[in-house]
>>> print(open('start17.csv').read())   # CSV, C-alpha atoms
chain,number,residue,atom,x,y,z
A,1,MET,CA,-35.8,-139.0,3.5
A,2,ILE,CA,-33.7,-138.8,0.5
A,3,ALA,CA,-31.4,-135.7,0.6
A,4,PRO,CA,-32.3,-133.0,-1.8
A,5,ARG,CA,-30.6,-133.2,-5.2
A,6,ILE,CA,-28.0,-130.5,-5.4
A,7,TYR,CA,-27.1,-128.4,-8.4
A,8,GLU,CA,-24.0,-126.3,-8.0
A,9,THR,CA,-25.1,-123.7,-10.6
A,10,PRO,CA,-28.4,-123.0,-12.3
A,11,ARG,CA,-26.8,-124.1,-15.6
A,12,ALA,CA,-26.4,-127.6,-14.1
A,13,LEU,CA,-30.2,-127.9,-14.4
A,14,VAL,CA,-29.9,-127.9,-18.2
A,15,GLY,CA,-30.6,-131.3,-19.6
A,16,GLN,CA,-32.0,-132.6,-16.3
A,17,GLU,CA,-35.6,-133.0,-17.6
A,18,GLY,CA,-37.0,-136.3,-16.3
A,19,THR,CA,-35.0,-136.3,-13.2
A,20,GLN,CA,-37.0,-137.7,-10.2
A,21,LEU,CA,-36.7,-135.9,-6.9
A,22,GLY,CA,-37.5,-137.1,-3.4
A,23,PRO,CA,-39.4,-138.2,-1.5
A,24,THR,CA,-39.4,-135.8,1.3
A,25,ASP,CA,-40.0,-136.6,5.0
A,26,TRP,CA,-43.6,-136.9,6.1
A,27,LEU,CA,-45.4,-133.8,7.5
A,28,MET,CA,-48.4,-134.2,9.8
A,29,ILE,CA,-51.4,-132.0,9.0
A,30,ASN,CA,-53.0,-131.0,12.3
A,31,GLN,CA,-56.0,-128.9,13.1
A,32,SER,CA,-53.9,-126.0,14.4
A,33,ARG,CA,-52.2,-125.7,11.0
A,34,VAL,CA,-55.6,-125.7,9.3
A,35,ASP,CA,-57.0,-123.2,11.7
A,36,GLY,CA,-54.0,-120.9,11.2
A,37,PHE,CA,-54.4,-121.1,7.5
A,38,ALA,CA,-58.1,-120.2,7.9
A,39,GLU,CA,-57.2,-117.3,10.0
A,40,VAL,CA,-54.7,-115.9,7.5
A,41,THR,CA,-56.9,-116.4,4.5
A,42,GLY,CA,-60.3,-115.7,6.0
A,43,ASP,CA,-61.6,-119.1,4.7
A,44,HIS,CA,-63.5,-120.5,7.7
A,45,GLN,CA,-65.6,-123.0,5.8
A,46,TRP,CA,-66.9,-125.6,8.3
A,47,ILE,CA,-65.3,-128.6,6.5
A,48,HIS,CA,-62.0,-127.1,7.6
A,49,VAL,CA,-62.5,-125.6,11.0
A,50,ASP,CA,-65.7,-127.0,12.7
A,51,VAL,CA,-64.4,-130.3,14.1
A,52,GLU,CA,-67.8,-131.4,15.5
A,53,ARG,CA,-69.9,-130.6,12.4
A,54,ALA,CA,-67.3,-132.1,10.1
A,55,LYS,CA,-67.5,-135.5,11.8
A,56,ASN,CA,-70.9,-135.9,10.1
A,57,GLY,CA,-69.8,-134.2,6.9
A,58,PRO,CA,-68.6,-135.8,3.6
A,59,PHE,CA,-65.1,-136.6,4.8
A,60,GLY,CA,-65.8,-137.8,8.3
A,61,GLY,CA,-63.7,-135.0,9.8
A,62,THR,CA,-62.1,-131.7,9.0
A,63,ILE,CA,-59.8,-131.4,5.9
A,64,ALA,CA,-57.0,-129.1,4.9
A,65,HIS,CA,-57.8,-126.3,2.5
A,66,GLY,CA,-56.6,-127.2,-1.0
A,67,TYR,CA,-54.6,-124.0,-1.1
A,68,LEU,CA,-53.0,-124.9,2.2
A,69,THR,CA,-51.8,-128.2,0.6
A,70,MET,CA,-50.6,-126.3,-2.4
A,71,SER,CA,-48.8,-123.7,-0.3
A,72,LEU,CA,-46.9,-126.5,1.5
A,73,VAL,CA,-45.2,-127.2,-1.9
A,74,ASN,CA,-43.0,-124.2,-0.9
A,75,TYR,CA,-42.1,-126.0,2.3
A,76,PHE,CA,-41.3,-129.2,0.3
A,77,LEU,CA,-39.3,-127.8,-2.6
A,78,PRO,CA,-36.0,-127.2,-0.7
A,79,HIS,CA,-36.2,-130.8,0.5
A,80,LEU,CA,-36.4,-131.9,-3.1
A,81,LEU,CA,-33.7,-129.9,-4.8
A,82,GLU,CA,-31.2,-127.2,-4.0
A,83,VAL,CA,-29.7,-124.9,-6.6
A,84,ARG,CA,-26.6,-123.0,-5.7
A,85,GLY,CA,-24.4,-120.3,-7.3
A,86,PHE,CA,-27.0,-117.8,-8.5
A,87,ALA,CA,-27.3,-114.1,-7.9
A,88,HIS,CA,-30.9,-114.3,-6.8
A,89,ALA,CA,-34.0,-116.4,-7.5
A,90,VAL,CA,-37.7,-115.8,-7.8
A,91,ASN,CA,-40.8,-117.9,-7.9
A,92,ILE,CA,-42.5,-117.1,-11.2
A,93,GLY,CA,-45.7,-119.0,-10.5
A,94,CYS,CA,-47.4,-122.3,-11.0
A,95,ASP,CA,-49.1,-124.1,-13.9
A,96,ARG,CA,-51.4,-127.1,-14.0
A,97,LEU,CA,-52.6,-127.1,-10.4
A,98,ARG,CA,-54.9,-130.0,-9.6
A,99,PHE,CA,-56.4,-131.1,-6.3
A,100,LEU,CA,-57.1,-134.8,-6.5
A,101,ALA,CA,-57.9,-135.9,-3.0
A,102,PRO,CA,-58.7,-134.2,0.3
A,103,VAL,CA,-56.1,-134.2,3.1
A,104,LYS,CA,-57.9,-135.1,6.3
A,105,VAL,CA,-56.6,-133.6,9.5
A,106,GLY,CA,-54.4,-136.1,11.2
A,107,ALA,CA,-53.0,-137.4,7.9
A,108,ARG,CA,-49.4,-137.2,6.9
A,109,ILE,CA,-48.2,-135.9,3.5
A,110,HIS,CA,-44.9,-135.8,1.7
A,111,ALA,CA,-43.8,-134.7,-1.8
A,112,VAL,CA,-42.0,-136.2,-4.8
A,113,GLY,CA,-40.9,-134.2,-7.7
A,114,GLU,CA,-39.8,-134.3,-11.3
A,115,ILE,CA,-37.9,-131.7,-13.3
A,116,VAL,CA,-40.1,-131.3,-16.4
A,117,GLY,CA,-38.6,-128.3,-18.0
A,118,VAL,CA,-35.4,-126.1,-18.1
A,119,GLU,CA,-34.8,-123.2,-20.3
A,120,ASP,CA,-32.4,-120.3,-20.8
A,121,VAL,CA,-34.2,-116.9,-20.3
A,122,LYS,CA,-32.5,-113.6,-20.5
A,123,GLY,CA,-29.8,-113.7,-17.8
A,124,ALA,CA,-31.3,-116.6,-16.0
A,125,ILE,CA,-32.2,-120.3,-16.0
A,126,GLN,CA,-35.9,-121.1,-15.6
A,127,SER,CA,-37.0,-124.5,-14.3
A,128,VAL,CA,-40.3,-126.2,-14.0
A,129,VAL,CA,-40.6,-128.8,-11.3
A,130,ARG,CA,-43.7,-130.9,-11.1
A,131,VAL,CA,-44.5,-131.5,-7.4
A,132,THR,CA,-46.8,-134.3,-6.3
A,133,VAL,CA,-48.1,-134.1,-2.7
A,134,GLU,CA,-48.9,-137.6,-1.6
A,135,ILE,CA,-51.1,-138.7,1.3
A,136,GLU,CA,-49.7,-141.6,3.4
A,137,GLY,CA,-51.8,-144.6,2.6
A,138,GLY,CA,-53.9,-142.7,0.1
A,139,GLY,CA,-54.8,-144.0,-3.4
A,140,LYS,CA,-54.5,-140.6,-5.1
A,141,PRO,CA,-52.2,-137.6,-4.6
A,142,ALA,CA,-53.6,-134.6,-2.7
A,143,CYS,CA,-52.3,-132.3,-5.3
A,144,ILE,CA,-50.0,-131.9,-8.3
A,145,VAL,CA,-48.6,-128.6,-9.5
A,146,ASP,CA,-45.9,-127.4,-11.9
A,147,THR,CA,-43.8,-124.9,-10.0
A,148,ILE,CA,-41.8,-122.3,-12.0
A,149,SER,CA,-38.5,-120.9,-10.6
A,150,ARG,CA,-36.1,-118.5,-12.2
A,151,TYR,CA,-32.4,-118.4,-11.1
A,152,PHE,CA,-30.6,-115.3,-12.1
A,153,LEU,CA,-27.0,-115.9,-13.1
A,154,LYS,CA,-24.1,-114.2,-11.4
A,155,ASP,CA,-22.1,-111.8,-13.4
A,156,THR,CA,-18.8,-113.3,-14.6
>>> encode(input="start17.csv", output="structure tokens")
Amino acid sequence: MIAPRIYETPRALVGQEGTQLGPTDWLMINQSRVDGFAEVTGDHQWIHVDVERAKNGPFGGTIAHGYLTMSLVNYFLPHLLEVRGFAHAVNIGCDRLRFLAPVKVGARIHAVGEIVGVEDVKGAIQSVVRVTVEIEGGGKPACIVDTISRYFLKDT
């Protein structure tokens, strides 16, 4: 794993567009993680949770929910970059979410990132980091999403 890129202050992000981040370590997607996500979200579709039925399904086994894969971006982000020296930070949301390939249970995924936007907003620096979740040995990424974070500046 490459250590996360560290920015000592939110202002240090300014001008960093195009900076490549990662990759992170690999994360195994197991059935218990998928089942747990199904339990929390109420999405018990058989392609995710019925191991026997899914063997004869379109993917040859169970697959992770797309939204499970996307939610793991939150797990990967601190492994891609670390911003310090702010009063508080919030997740503003996501743009351009795409699911490009299913993640089969038993597969390993990791993330790479790119800083695609940084702007000054009232009292804060807002960044857009494009996170690509890759499947080990896969031809296409599992998902790509632009994450939006806002780092509120400390009073000086």
>>> atom_distance(input="start17.csv", atom1="CA of Thr19 (chain A)", atom2="CA of Arg5 (chain A)")
9.6 Å
>>> residues_around(input="start17.csv", residues="region 22-36 of chain A", least_positions_apart="2", cutoff="8 Å", atoms="all atoms listed in the file", output="MDAnalysis selection string")
chainID A and resid 1:4 20 38:40 48:49 62:65 68 76 79:80 103:113
>>> write_last_selection(input="start17.csv", atoms="C-alpha atoms", output="compact mmCIF listing (two decimals), keeping the file's coordinate frame")
# COMPACT_ATOMS: atom_id res chain seq x y z
CA MET A 1 -35.80 -139.00 3.50
CA ILE A 2 -33.70 -138.80 0.50
CA ALA A 3 -31.40 -135.70 0.60
CA PRO A 4 -32.30 -133.00 -1.80
CA GLN A 20 -37.00 -137.70 -10.20
CA ALA A 38 -58.10 -120.20 7.90
CA GLU A 39 -57.20 -117.30 10.00
CA VAL A 40 -54.70 -115.90 7.50
CA HIS A 48 -62.00 -127.10 7.60
CA VAL A 49 -62.50 -125.60 11.00
CA THR A 62 -62.10 -131.70 9.00
CA ILE A 63 -59.80 -131.40 5.90
CA ALA A 64 -57.00 -129.10 4.90
CA HIS A 65 -57.80 -126.30 2.50
CA LEU A 68 -53.00 -124.90 2.20
CA PHE A 76 -41.30 -129.20 0.30
CA HIS A 79 -36.20 -130.80 0.50
CA LEU A 80 -36.40 -131.90 -3.10
CA VAL A 103 -56.10 -134.20 3.10
CA LYS A 104 -57.90 -135.10 6.30
CA VAL A 105 -56.60 -133.60 9.50
CA GLY A 106 -54.40 -136.10 11.20
CA ALA A 107 -53.00 -137.40 7.90
CA ARG A 108 -49.40 -137.20 6.90
CA ILE A 109 -48.20 -135.90 3.50
CA HIS A 110 -44.90 -135.80 1.70
CA ALA A 111 -43.80 -134.70 -1.80
CA VAL A 112 -42.00 -136.20 -4.80
CA GLY A 113 -40.90 -134.20 -7.70
>>> atom_distance(input="start17.csv", atom1="CA of Leu21 (chain A)", atom2="CA of Val131 (chain A)")
9.0 Å
>>> residues_near_point(input="start17.csv", point="(-25.5, -122.0, -11.6)", cutoff="8 Å", atoms="only C-alpha atoms", output="PyMOL selection string")
chain A and resi 7-12+83-86+151+153-154
>>> write_last_selection(input="start17.csv", atoms="C-alpha atoms", output="CSV table (one decimal), in the frame of the given file")
chain,number,residue,atom,x,y,z
A,7,TYR,CA,-27.1,-128.4,-8.4
A,8,GLU,CA,-24.0,-126.3,-8.0
A,9,THR,CA,-25.1,-123.7,-10.6
A,10,PRO,CA,-28.4,-123.0,-12.3
A,11,ARG,CA,-26.8,-124.1,-15.6
A,12,ALA,CA,-26.4,-127.6,-14.1
A,83,VAL,CA,-29.7,-124.9,-6.6
A,84,ARG,CA,-26.6,-123.0,-5.7
A,85,GLY,CA,-24.4,-120.3,-7.3
A,86,PHE,CA,-27.0,-117.8,-8.5
A,151,TYR,CA,-32.4,-118.4,-11.1
A,153,LEU,CA,-27.0,-115.9,-13.1
A,154,LYS,CA,-24.1,-114.2,-11.4
>>> atom_distance(input="start17.csv", atom1="CA of Gln126 (chain A)", atom2="CA of Tyr75 (chain A)")
19.6 Å
>>> axis_aligned_box(input="start17.csv", around="region 39-57 of chain A", padding_each_side="6 Å", output="AutoDock Vina command-line options")
--center_x -62.8 --center_y -125.8 --center_z 10.0 --size_x 28.2 --size_y 32.2 --size_z 23.0
>>> residues_around(input="start17.csv", residues="Leu100 (chain A)", least_positions_apart="5", cutoff="9 Å", atoms="only C-alpha atoms", output="PyMOL selection string")
chain A and resi 140-144
>>> closest_residue(input="start17.csv", among="A:Pro102, A:Gly42, A:Pro58, A:Gly93", to="Ser149 (chain A)", atoms="all atoms listed in the file")
A:Gly93
>>> residues_near_point(input="start17.csv", point="(-39.3, -130.2, -11.7)", cutoff="10 Å", atoms="all atoms listed in the file", output="PDB file with C-alpha atoms, in the coordinates of the input")
ATOM      1  CA  LEU A  13     -30.200-127.900 -14.400  1.00  0.00           C
ATOM      2  CA  GLN A  16     -32.000-132.600 -16.300  1.00  0.00           C
ATOM      3  CA  GLU A  17     -35.600-133.000 -17.600  1.00  0.00           C
ATOM      4  CA  GLY A  18     -37.000-136.300 -16.300  1.00  0.00           C
ATOM      5  CA  THR A  19     -35.000-136.300 -13.200  1.00  0.00           C
ATOM      6  CA  GLN A  20     -37.000-137.700 -10.200  1.00  0.00           C
ATOM      7  CA  LEU A  21     -36.700-135.900  -6.900  1.00  0.00           C
ATOM      8  CA  LEU A  77     -39.300-127.800  -2.600  1.00  0.00           C
ATOM      9  CA  LEU A  80     -36.400-131.900  -3.100  1.00  0.00           C
ATOM     10  CA  LEU A  81     -33.700-129.900  -4.800  1.00  0.00           C
ATOM     11  CA  VAL A 112     -42.000-136.200  -4.800  1.00  0.00           C
ATOM     12  CA  GLY A 113     -40.900-134.200  -7.700  1.00  0.00           C
ATOM     13  CA  GLU A 114     -39.800-134.300 -11.300  1.00  0.00           C
ATOM     14  CA  ILE A 115     -37.900-131.700 -13.300  1.00  0.00           C
ATOM     15  CA  VAL A 116     -40.100-131.300 -16.400  1.00  0.00           C
ATOM     16  CA  GLY A 117     -38.600-128.300 -18.000  1.00  0.00           C
ATOM     17  CA  VAL A 118     -35.400-126.100 -18.100  1.00  0.00           C
ATOM     18  CA  SER A 127     -37.000-124.500 -14.300  1.00  0.00           C
ATOM     19  CA  VAL A 128     -40.300-126.200 -14.000  1.00  0.00           C
ATOM     20  CA  VAL A 129     -40.600-128.800 -11.300  1.00  0.00           C
ATOM     21  CA  ARG A 130     -43.700-130.900 -11.100  1.00  0.00           C
ATOM     22  CA  VAL A 131     -44.500-131.500  -7.400  1.00  0.00           C
ATOM     23  CA  VAL A 145     -48.600-128.600  -9.500  1.00  0.00           C
ATOM     24  CA  ASP A 146     -45.900-127.400 -11.900  1.00  0.00           C
ATOM     25  CA  THR A 147     -43.800-124.900 -10.000  1.00  0.00           C
ATOM     26  CA  ILE A 148     -41.800-122.300 -12.000  1.00  0.00           C
ATOM     27  CA  SER A 149     -38.500-120.900 -10.600  1.00  0.00           C
TER      28      SER A 149
END
>>> closest_residue(input="start17.csv", among="A:Gly61, A:Gly137, A:Pro78, A:Gly66", to="Phe37 (chain A)", atoms="only C-alpha atoms")
A:Gly66
>>> build_atoms(input="start17.csv", residues="region 106-130 of chain A", atoms="N, CA and C atoms", output="PDB file, keeping the file's coordinate frame")
ATOM      1  N   GLY A 106     -54.934-134.891  10.562  1.00  0.00           N
ATOM      2  CA  GLY A 106     -54.400-136.100  11.200  1.00  0.00           C
ATOM      3  C   GLY A 106     -53.573-136.929  10.181  1.00  0.00           C
ATOM      4  N   ALA A 107     -53.735-136.646   8.891  1.00  0.00           N
ATOM      5  CA  ALA A 107     -53.000-137.400   7.900  1.00  0.00           C
ATOM      6  C   ALA A 107     -51.587-136.830   7.741  1.00  0.00           C
ATOM      7  N   ARG A 108     -50.724-137.658   7.173  1.00  0.00           N
ATOM      8  CA  ARG A 108     -49.400-137.200   6.900  1.00  0.00           C
ATOM      9  C   ARG A 108     -49.211-137.131   5.359  1.00  0.00           C
ATOM     10  N   ILE A 109     -48.495-136.096   4.927  1.00  0.00           N
ATOM     11  CA  ILE A 109     -48.200-135.900   3.500  1.00  0.00           C
ATOM     12  C   ILE A 109     -46.728-135.763   3.293  1.00  0.00           C
ATOM     13  N   HIS A 110     -46.314-136.049   2.073  1.00  0.00           N
ATOM     14  CA  HIS A 110     -44.900-135.800   1.700  1.00  0.00           C
ATOM     15  C   HIS A 110     -44.978-135.447   0.177  1.00  0.00           C
ATOM     16  N   ALA A 111     -43.824-135.104  -0.376  1.00  0.00           N
ATOM     17  CA  ALA A 111     -43.800-134.700  -1.800  1.00  0.00           C
ATOM     18  C   ALA A 111     -42.710-135.483  -2.525  1.00  0.00           C
ATOM     19  N   VAL A 112     -42.999-135.695  -3.799  1.00  0.00           N
ATOM     20  CA  VAL A 112     -42.000-136.200  -4.800  1.00  0.00           C
ATOM     21  C   VAL A 112     -42.034-135.155  -5.902  1.00  0.00           C
ATOM     22  N   GLY A 113     -40.973-135.136  -6.671  1.00  0.00           N
ATOM     23  CA  GLY A 113     -40.900-134.200  -7.700  1.00  0.00           C
ATOM     24  C   GLY A 113     -40.274-134.736  -8.996  1.00  0.00           C
ATOM     25  N   GLU A 114     -40.426-133.975 -10.051  1.00  0.00           N
ATOM     26  CA  GLU A 114     -39.800-134.300 -11.300  1.00  0.00           C
ATOM     27  C   GLU A 114     -39.452-132.988 -12.027  1.00  0.00           C
ATOM     28  N   ILE A 115     -38.235-132.878 -12.516  1.00  0.00           N
ATOM     29  CA  ILE A 115     -37.900-131.700 -13.300  1.00  0.00           C
ATOM     30  C   ILE A 115     -38.491-131.957 -14.710  1.00  0.00           C
ATOM     31  N   VAL A 116     -39.415-131.093 -15.098  1.00  0.00           N
ATOM     32  CA  VAL A 116     -40.100-131.300 -16.400  1.00  0.00           C
ATOM     33  C   VAL A 116     -39.718-130.288 -17.441  1.00  0.00           C
ATOM     34  N   GLY A 117     -39.009-129.236 -17.051  1.00  0.00           N
ATOM     35  CA  GLY A 117     -38.600-128.300 -18.000  1.00  0.00           C
ATOM     36  C   GLY A 117     -37.461-127.385 -17.509  1.00  0.00           C
ATOM     37  N   VAL A 118     -36.531-127.055 -18.393  1.00  0.00           N
ATOM     38  CA  VAL A 118     -35.400-126.100 -18.100  1.00  0.00           C
ATOM     39  C   VAL A 118     -35.172-125.320 -19.322  1.00  0.00           C
ATOM     40  N   GLU A 119     -35.094-124.004 -19.172  1.00  0.00           N
ATOM     41  CA  GLU A 119     -34.800-123.200 -20.300  1.00  0.00           C
ATOM     42  C   GLU A 119     -33.954-121.969 -19.922  1.00  0.00           C
ATOM     43  N   ASP A 120     -33.177-121.515 -20.898  1.00  0.00           N
ATOM     44  CA  ASP A 120     -32.400-120.300 -20.800  1.00  0.00           C
ATOM     45  C   ASP A 120     -33.373-119.130 -21.025  1.00  0.00           C
ATOM     46  N   VAL A 121     -33.432-118.198 -20.105  1.00  0.00           N
ATOM     47  CA  VAL A 121     -34.200-116.900 -20.300  1.00  0.00           C
ATOM     48  C   VAL A 121     -33.150-115.831 -20.088  1.00  0.00           C
ATOM     49  N   LYS A 122     -33.444-114.665 -20.536  1.00  0.00           N
ATOM     50  CA  LYS A 122     -32.500-113.600 -20.500  1.00  0.00           C
ATOM     51  C   LYS A 122     -31.850-113.432 -19.095  1.00  0.00           C
ATOM     52  N   GLY A 123     -30.574-113.803 -18.995  1.00  0.00           N
ATOM     53  CA  GLY A 123     -29.800-113.700 -17.800  1.00  0.00           C
ATOM     54  C   GLY A 123     -30.142-114.660 -16.674  1.00  0.00           C
ATOM     55  N   ALA A 124     -30.904-115.696 -17.028  1.00  0.00           N
ATOM     56  CA  ALA A 124     -31.300-116.600 -16.000  1.00  0.00           C
ATOM     57  C   ALA A 124     -31.586-118.023 -16.583  1.00  0.00           C
ATOM     58  N   ILE A 125     -31.719-118.967 -15.693  1.00  0.00           N
ATOM     59  CA  ILE A 125     -32.200-120.300 -16.000  1.00  0.00           C
ATOM     60  C   ILE A 125     -33.538-120.468 -15.345  1.00  0.00           C
ATOM     61  N   GLN A 126     -34.519-120.902 -16.100  1.00  0.00           N
ATOM     62  CA  GLN A 126     -35.900-121.100 -15.600  1.00  0.00           C
ATOM     63  C   GLN A 126     -36.144-122.611 -15.545  1.00  0.00           C
ATOM     64  N   SER A 127     -36.643-123.091 -14.404  1.00  0.00           N
ATOM     65  CA  SER A 127     -37.000-124.500 -14.300  1.00  0.00           C
ATOM     66  C   SER A 127     -38.435-124.689 -13.948  1.00  0.00           C
ATOM     67  N   VAL A 128     -38.975-125.803 -14.406  1.00  0.00           N
ATOM     68  CA  VAL A 128     -40.300-126.200 -14.000  1.00  0.00           C
ATOM     69  C   VAL A 128     -40.179-127.560 -13.333  1.00  0.00           C
ATOM     70  N   VAL A 129     -40.615-127.595 -12.083  1.00  0.00           N
ATOM     71  CA  VAL A 129     -40.600-128.800 -11.300  1.00  0.00           C
ATOM     72  C   VAL A 129     -42.028-129.199 -10.976  1.00  0.00           C
ATOM     73  N   ARG A 130     -42.399-130.401 -11.382  1.00  0.00           N
ATOM     74  CA  ARG A 130     -43.700-130.900 -11.100  1.00  0.00           C
ATOM     75  C   ARG A 130     -43.661-131.554  -9.681  1.00  0.00           C
TER      76      ARG A 130
END
